[in-house]
file target.txt (compact mmCIF, N, CA and C atoms)
# COMPACT_ATOMS: atom_id res chain seq x y z
N MET A 122 -0.89 -15.54 15.56
CA MET A 122 0.47 -15.52 16.06
C MET A 122 1.34 -14.67 15.14
N LYS A 123 2.02 -13.71 15.71
CA LYS A 123 2.93 -12.88 14.93
C LYS A 123 4.26 -13.60 14.75
N VAL A 124 4.88 -13.35 13.61
CA VAL A 124 6.20 -13.91 13.34
C VAL A 124 7.20 -12.77 13.28
N ASN A 125 8.46 -13.11 13.24
CA ASN A 125 9.52 -12.12 13.14
C ASN A 125 9.31 -11.29 11.87
N ASN A 126 9.17 -9.96 12.01
CA ASN A 126 8.87 -9.11 10.87
C ASN A 126 9.94 -9.15 9.80
N ARG A 127 11.19 -9.25 10.16
CA ARG A 127 12.26 -9.30 9.16
C ARG A 127 12.14 -10.57 8.31
N GLN A 128 11.89 -11.71 8.95
CA GLN A 128 11.72 -12.95 8.21
C GLN A 128 10.47 -12.88 7.34
N PHE A 129 9.40 -12.34 7.88
CA PHE A 129 8.15 -12.25 7.16
C PHE A 129 8.31 -11.36 5.93
N ARG A 130 8.97 -10.22 6.11
CA ARG A 130 9.19 -9.28 5.00
C ARG A 130 10.01 -9.94 3.90
N SER A 131 11.04 -10.67 4.25
CA SER A 131 11.87 -11.30 3.22
C SER A 131 11.07 -12.35 2.45
N LYS A 132 10.17 -13.05 3.11
CA LYS A 132 9.32 -14.01 2.41
C LYS A 132 8.34 -13.30 1.50
N LEU A 133 7.80 -12.17 1.93
CA LEU A 133 6.86 -11.42 1.11
C LEU A 133 7.51 -10.93 -0.18
N LEU A 134 8.73 -10.46 -0.09
CA LEU A 134 9.40 -9.92 -1.26
C LEU A 134 9.63 -10.99 -2.32
N ASP A 135 9.72 -12.24 -1.92
CA ASP A 135 9.92 -13.33 -2.86
C ASP A 135 8.60 -13.89 -3.39
N TRP A 136 7.50 -13.47 -2.80
CA TRP A 136 6.20 -14.02 -3.17
C TRP A 136 5.74 -13.38 -4.47
N THR A 137 5.46 -14.16 -5.49
CA THR A 137 5.16 -13.68 -6.83
C THR A 137 4.08 -12.59 -6.88
N PRO A 138 2.95 -12.70 -6.17
CA PRO A 138 1.96 -11.64 -6.29
C PRO A 138 2.46 -10.25 -5.91
N PHE A 139 3.58 -10.15 -5.23
CA PHE A 139 4.11 -8.85 -4.85
C PHE A 139 5.15 -8.35 -5.85
N SER A 140 5.38 -9.08 -6.95
CA SER A 140 6.44 -8.68 -7.87
C SER A 140 5.97 -7.69 -8.93
N SER A 141 4.68 -7.49 -9.10
CA SER A 141 4.16 -6.53 -10.07
C SER A 141 3.98 -5.16 -9.41
N LEU A 142 3.60 -4.17 -10.21
CA LEU A 142 3.34 -2.83 -9.66
C LEU A 142 2.22 -2.91 -8.64
N LEU A 143 1.14 -3.57 -8.99
CA LEU A 143 0.03 -3.72 -8.04
C LEU A 143 0.50 -4.47 -6.79
N GLY A 144 1.36 -5.44 -6.98
CA GLY A 144 1.92 -6.17 -5.85
C GLY A 144 2.75 -5.28 -4.94
N HIS A 145 3.52 -4.38 -5.54
CA HIS A 145 4.31 -3.46 -4.74
C HIS A 145 3.40 -2.52 -3.93
N ILE A 146 2.32 -2.10 -4.55
CA ILE A 146 1.37 -1.25 -3.84
C ILE A 146 0.77 -2.03 -2.68
N ARG A 147 0.38 -3.29 -2.91
CA ARG A 147 -0.15 -4.14 -1.85
C ARG A 147 0.85 -4.25 -0.70
N LEU A 148 2.10 -4.45 -1.06
CA LEU A 148 3.15 -4.62 -0.05
C LEU A 148 3.35 -3.34 0.76
N ILE A 149 3.35 -2.19 0.09
CA ILE A 149 3.51 -0.92 0.80
C ILE A 149 2.34 -0.70 1.75
N LEU A 150 1.13 -1.01 1.30
CA LEU A 150 -0.02 -0.84 2.18
C LEU A 150 0.08 -1.75 3.39
N LEU A 151 0.53 -2.97 3.18
CA LEU A 151 0.64 -3.93 4.28
C LEU A 151 1.78 -3.60 5.25
N VAL A 152 2.92 -3.28 4.71
CA VAL A 152 4.12 -3.10 5.55
C VAL A 152 4.25 -1.68 6.08
N ASP A 153 4.03 -0.70 5.23
CA ASP A 153 4.32 0.68 5.61
C ASP A 153 3.10 1.45 6.12
N TRP A 154 1.95 1.20 5.54
CA TRP A 154 0.75 1.91 5.99
C TRP A 154 0.16 1.21 7.20
N ASP A 155 -0.35 0.02 7.05
CA ASP A 155 -0.82 -0.87 8.12
C ASP A 155 -1.47 -0.16 9.31
N PRO A 156 -2.55 0.58 9.09
CA PRO A 156 -3.14 1.36 10.19
C PRO A 156 -3.74 0.53 11.32
N ILE A 157 -4.06 -0.73 11.05
CA ILE A 157 -4.64 -1.55 12.13
C ILE A 157 -3.64 -2.56 12.69
N GLY A 158 -2.39 -2.51 12.23
CA GLY A 158 -1.32 -3.30 12.84
C GLY A 158 -1.38 -4.79 12.60
N VAL A 159 -1.66 -5.20 11.37
CA VAL A 159 -1.74 -6.64 11.10
C VAL A 159 -0.48 -7.20 10.44
N PHE A 160 0.48 -6.34 10.10
CA PHE A 160 1.70 -6.84 9.48
C PHE A 160 2.38 -7.83 10.41
N GLY A 161 2.77 -8.96 9.86
CA GLY A 161 3.40 -10.01 10.65
C GLY A 161 2.45 -11.14 10.99
N ILE A 162 1.19 -10.97 10.66
CA ILE A 162 0.21 -12.03 10.87
C ILE A 162 -0.05 -12.67 9.51
N PRO A 163 0.46 -13.87 9.27
CA PRO A 163 0.36 -14.48 7.93
C PRO A 163 -1.07 -14.51 7.37
N GLU A 164 -2.04 -14.75 8.21
CA GLU A 164 -3.43 -14.82 7.75
C GLU A 164 -3.96 -13.47 7.28
N ALA A 165 -3.28 -12.40 7.61
CA ALA A 165 -3.76 -11.06 7.27
C ALA A 165 -3.00 -10.44 6.09
N MET A 166 -2.25 -11.24 5.36
CA MET A 166 -1.45 -10.70 4.25
C MET A 166 -2.30 -9.96 3.22
N GLY A 167 -3.54 -10.32 3.05
CA GLY A 167 -4.39 -9.66 2.07
C GLY A 167 -5.31 -8.61 2.67
N GLN A 168 -5.05 -8.20 3.88
CA GLN A 168 -5.94 -7.29 4.61
C GLN A 168 -6.27 -6.01 3.85
N TYR A 169 -5.30 -5.45 3.15
CA TYR A 169 -5.49 -4.17 2.48
C TYR A 169 -5.60 -4.29 0.96
N ASP A 170 -5.72 -5.51 0.46
CA ASP A 170 -5.76 -5.73 -0.99
C ASP A 170 -6.90 -4.98 -1.66
N ASP A 171 -8.03 -4.86 -0.99
CA ASP A 171 -9.19 -4.18 -1.59
C ASP A 171 -8.90 -2.71 -1.88
N TYR A 172 -7.91 -2.14 -1.24
CA TYR A 172 -7.60 -0.73 -1.42
C TYR A 172 -6.51 -0.49 -2.47
N ALA A 173 -5.79 -1.53 -2.86
CA ALA A 173 -4.65 -1.38 -3.76
C ALA A 173 -5.06 -0.89 -5.15
N LEU A 174 -6.16 -1.39 -5.68
CA LEU A 174 -6.58 -0.95 -7.01
C LEU A 174 -6.97 0.53 -7.01
N GLY A 175 -7.62 0.98 -5.96
CA GLY A 175 -7.96 2.39 -5.85
C GLY A 175 -6.73 3.28 -5.82
N VAL A 176 -5.72 2.84 -5.09
CA VAL A 176 -4.46 3.58 -5.03
C VAL A 176 -3.79 3.59 -6.40
N LEU A 177 -3.79 2.43 -7.06
CA LEU A 177 -3.20 2.35 -8.40
C LEU A 177 -3.95 3.29 -9.35
N GLY A 178 -5.26 3.35 -9.24
CA GLY A 178 -6.04 4.26 -10.07
C GLY A 178 -5.66 5.71 -9.85
N LEU A 179 -5.49 6.09 -8.60
CA LEU A 179 -5.07 7.46 -8.29
C LEU A 179 -3.71 7.76 -8.91
N LEU A 180 -2.78 6.83 -8.74
CA LEU A 180 -1.44 7.03 -9.28
C LEU A 180 -1.45 7.12 -10.79
N SER A 181 -2.21 6.25 -11.45
CA SER A 181 -2.22 6.25 -12.91
C SER A 181 -2.94 7.47 -13.48
N ASN A 182 -3.79 8.10 -12.68
CA ASN A 182 -4.47 9.33 -13.11
C ASN A 182 -3.69 10.59 -12.74
N GLY A 183 -2.49 10.43 -12.21
CA GLY A 183 -1.63 11.58 -11.92
C GLY A 183 -1.90 12.28 -10.61
N SER A 184 -2.59 11.62 -9.70
CA SER A 184 -2.86 12.24 -8.41
C SER A 184 -1.56 12.58 -7.69
N ASN A 185 -1.60 13.67 -6.94
CA ASN A 185 -0.40 14.06 -6.19
C ASN A 185 -0.40 13.38 -4.82
N GLU A 186 0.66 13.61 -4.07
CA GLU A 186 0.79 12.98 -2.76
C GLU A 186 -0.35 13.37 -1.82
N ALA A 187 -0.77 14.62 -1.87
CA ALA A 187 -1.84 15.07 -0.99
C ALA A 187 -3.14 14.31 -1.27
N ASP A 188 -3.40 14.04 -2.55
CA ASP A 188 -4.60 13.26 -2.91
C ASP A 188 -4.52 11.85 -2.35
N ILE A 189 -3.35 11.26 -2.41
CA ILE A 189 -3.17 9.89 -1.90
C ILE A 189 -3.30 9.88 -0.38
N VAL A 190 -2.71 10.87 0.27
CA VAL A 190 -2.82 10.99 1.73
C VAL A 190 -4.30 11.08 2.13
N GLU A 191 -5.05 11.91 1.43
CA GLU A 191 -6.47 12.07 1.73
C GLU A 191 -7.24 10.77 1.47
N HIS A 192 -6.90 10.08 0.40
CA HIS A 192 -7.55 8.80 0.08
C HIS A 192 -7.31 7.79 1.20
N LEU A 193 -6.08 7.69 1.66
CA LEU A 193 -5.76 6.76 2.75
C LEU A 193 -6.49 7.16 4.03
N LYS A 194 -6.57 8.45 4.28
CA LYS A 194 -7.29 8.93 5.47
C LYS A 194 -8.77 8.55 5.38
N GLN A 195 -9.36 8.72 4.22
CA GLN A 195 -10.77 8.38 4.05
C GLN A 195 -11.02 6.88 4.26
N ILE A 196 -10.09 6.06 3.82
CA ILE A 196 -10.20 4.61 4.07
C ILE A 196 -10.17 4.36 5.58
N GLU A 197 -9.21 4.99 6.25
CA GLU A 197 -9.10 4.81 7.70
C GLU A 197 -10.39 5.22 8.41
N VAL A 198 -10.89 6.39 8.07
CA VAL A 198 -12.07 6.93 8.76
C VAL A 198 -13.34 6.16 8.39
N ASN A 199 -13.57 5.96 7.11
CA ASN A 199 -14.83 5.39 6.66
C ASN A 199 -14.90 3.86 6.73
N ALA A 200 -13.79 3.19 6.45
CA ALA A 200 -13.82 1.72 6.43
C ALA A 200 -13.34 1.10 7.73
N MET A 201 -12.47 1.81 8.44
CA MET A 201 -11.86 1.23 9.64
C MET A 201 -12.28 1.94 10.93
N CYS A 202 -12.94 3.07 10.79
CA CYS A 202 -13.39 3.86 11.95
C CYS A 202 -12.24 4.25 12.87
N ILE A 203 -11.11 4.61 12.26
CA ILE A 203 -9.95 5.08 13.02
C ILE A 203 -9.37 6.30 12.31
N VAL A 204 -8.51 7.00 12.98
CA VAL A 204 -7.72 8.04 12.33
C VAL A 204 -6.27 7.72 12.63
N GLY A 205 -5.57 7.30 11.59
CA GLY A 205 -4.18 6.94 11.75
C GLY A 205 -3.29 8.17 11.80
N ASP A 206 -2.03 7.94 11.62
CA ASP A 206 -1.02 8.98 11.72
C ASP A 206 -0.82 9.69 10.38
N ARG A 207 -0.99 11.01 10.38
CA ARG A 207 -0.86 11.78 9.13
C ARG A 207 0.55 11.68 8.54
N LEU A 208 1.56 11.77 9.38
CA LEU A 208 2.93 11.66 8.89
C LEU A 208 3.15 10.30 8.22
N GLN A 209 2.62 9.26 8.83
CA GLN A 209 2.74 7.92 8.24
C GLN A 209 2.08 7.88 6.87
N ARG A 210 0.89 8.48 6.75
CA ARG A 210 0.21 8.51 5.45
C ARG A 210 1.04 9.28 4.43
N GLN A 211 1.68 10.37 4.84
CA GLN A 211 2.51 11.14 3.93
C GLN A 211 3.70 10.33 3.43
N LEU A 212 4.35 9.63 4.36
CA LEU A 212 5.50 8.80 3.98
C LEU A 212 5.07 7.68 3.03
N VAL A 213 3.92 7.10 3.29
CA VAL A 213 3.40 6.04 2.42
C VAL A 213 3.08 6.61 1.04
N ALA A 214 2.46 7.76 1.00
CA ALA A 214 2.13 8.39 -0.29
C ALA A 214 3.39 8.68 -1.09
N GLN A 215 4.43 9.17 -0.42
CA GLN A 215 5.70 9.43 -1.11
C GLN A 215 6.28 8.14 -1.68
N LYS A 216 6.24 7.09 -0.89
CA LYS A 216 6.77 5.80 -1.33
C LYS A 216 5.96 5.25 -2.51
N LEU A 217 4.65 5.37 -2.42
CA LEU A 217 3.80 4.90 -3.51
C LEU A 217 4.10 5.65 -4.80
N LYS A 218 4.26 6.96 -4.72
CA LYS A 218 4.59 7.76 -5.91
C LYS A 218 5.93 7.34 -6.49
N LYS A 219 6.93 7.12 -5.64
CA LYS A 219 8.25 6.73 -6.12
C LYS A 219 8.20 5.37 -6.82
N VAL A 220 7.51 4.43 -6.22
CA VAL A 220 7.39 3.09 -6.81
C VAL A 220 6.67 3.18 -8.15
N PHE A 221 5.62 3.97 -8.20
CA PHE A 221 4.87 4.12 -9.45
C PHE A 221 5.74 4.74 -10.52
N GLU A 222 6.42 5.82 -10.18
CA GLU A 222 7.27 6.52 -11.16
C GLU A 222 8.41 5.64 -11.67
N ALA A 223 8.90 4.75 -10.83
CA ALA A 223 10.02 3.88 -11.21
C ALA A 223 9.57 2.64 -11.98
N SER A 224 8.28 2.40 -12.03
CA SER A 224 7.77 1.18 -12.64
C SER A 224 7.73 1.25 -14.16
N ASP A 225 8.12 0.16 -14.78
CA ASP A 225 7.99 0.01 -16.22
C ASP A 225 6.54 -0.25 -16.62
N GLU A 226 5.73 -0.71 -15.68
CA GLU A 226 4.35 -1.09 -15.98
C GLU A 226 3.42 0.09 -16.14
N LYS A 227 3.80 1.26 -15.64
CA LYS A 227 2.88 2.41 -15.66
C LYS A 227 2.48 2.80 -17.07
N SER A 228 3.35 2.59 -18.05
CA SER A 228 3.02 2.97 -19.42
C SER A 228 1.96 2.05 -20.04
N ASN A 229 1.74 0.89 -19.42
CA ASN A 229 0.75 -0.06 -19.95
C ASN A 229 -0.62 0.10 -19.30
N LEU A 230 -0.76 1.05 -18.37
CA LEU A 230 -2.02 1.23 -17.67
C LEU A 230 -2.94 2.16 -18.43
N PRO A 231 -4.26 1.89 -18.39
CA PRO A 231 -5.19 2.82 -19.03
C PRO A 231 -5.24 4.14 -18.27
N GLN A 232 -5.38 5.21 -18.98
CA GLN A 232 -5.45 6.54 -18.35
C GLN A 232 -6.88 6.90 -18.06
call {"tool": "encode", "arguments": {"input": "target.txt", "output": "structure tokens"}}
result
Amino acid sequence: MKVNNRQFRSKLLDWTPFSSLLGHIRLILLVDWDPIGVFGIPEAMGQYDDYALGVLGLLSNGSNEADIVEHLKQIEVNAMCIVGDRLQRQLVAQKLKKVFEASDEKSNLPQ
């Protein structure tokens, strides 16, 4: 059962696991990327968690937006057997880069 996305989003933002850098990446993948459309289904909140560490690794290694877009595309194609929207992947990559650059935690990550 889907719930109101605005209510769901406000609850997610208050949820502690989303308050770290990795949590923000998880949230962006769930809310903004969401290639299979599970946002709003409470049971699917962790649907993309397996991909968050890989994205964090790309960001911490200085990958550019194009690298992140390609990484997301490869997940869609290889793990989900779909091809999502390229513009959506670009917007998500931009958002991920901005969140990473604004984070105080990035200096504590191994290179």
call {"tool": "closest_residue", "arguments": {"input": "target.txt", "among": "A:Glu186, A:Glu191, A:Asp206, A:Asp155", "to": "Phe221 in chain A", "atoms": "only C-alpha atoms"}}
result
A:Glu186
call {"tool": "atom_distance", "arguments": {"input": "target.txt", "atom1": "atom C of Lys218 in chain A", "atom2": "atom C of Glu164 in chain A"}}
result
26.8 Å
call {"tool": "atom_distance", "arguments": {"input": "target.txt", "atom1": "CA of Gln209 in chain A", "atom2": "CA of Ser224 in chain A"}}
result
22.5 Å
call {"tool": "atom_distance", "arguments": {"input": "target.txt", "atom1": "atom C of Asp225 in chain A", "atom2": "CA of Asn182 in chain A"}}
result
15.0 Å
call {"tool": "select_by_dssp", "arguments": {"input": "target.txt", "residues": "range 127-217 of chain A", "states": "helix (DSSP H, G or I)", "output": "PyMOL selection string"}}
result
chain A and resi 127-135+137-139+142-154+163-165+170-181+186-201+207-217
call {"tool": "residues_around", "arguments": {"input": "target.txt", "residues": "range 169-175 of chain A", "least_positions_apart": "4", "cutoff": "6 Å", "atoms": "all atoms listed in the file", "output": "number ranges by chain"}}
result
A: 146-147, 179
call {"tool": "residues_around", "arguments": {"input": "target.txt", "residues": "Lys194 in chain A", "least_positions_apart": "3", "cutoff": "7 Å", "atoms": "only N, CA and C atoms", "output": "list in words"}}
result
Ile189, Val190, Glu191, Glu197, Val198, Asn199, Val204, Gly205 and Arg210 of chain A
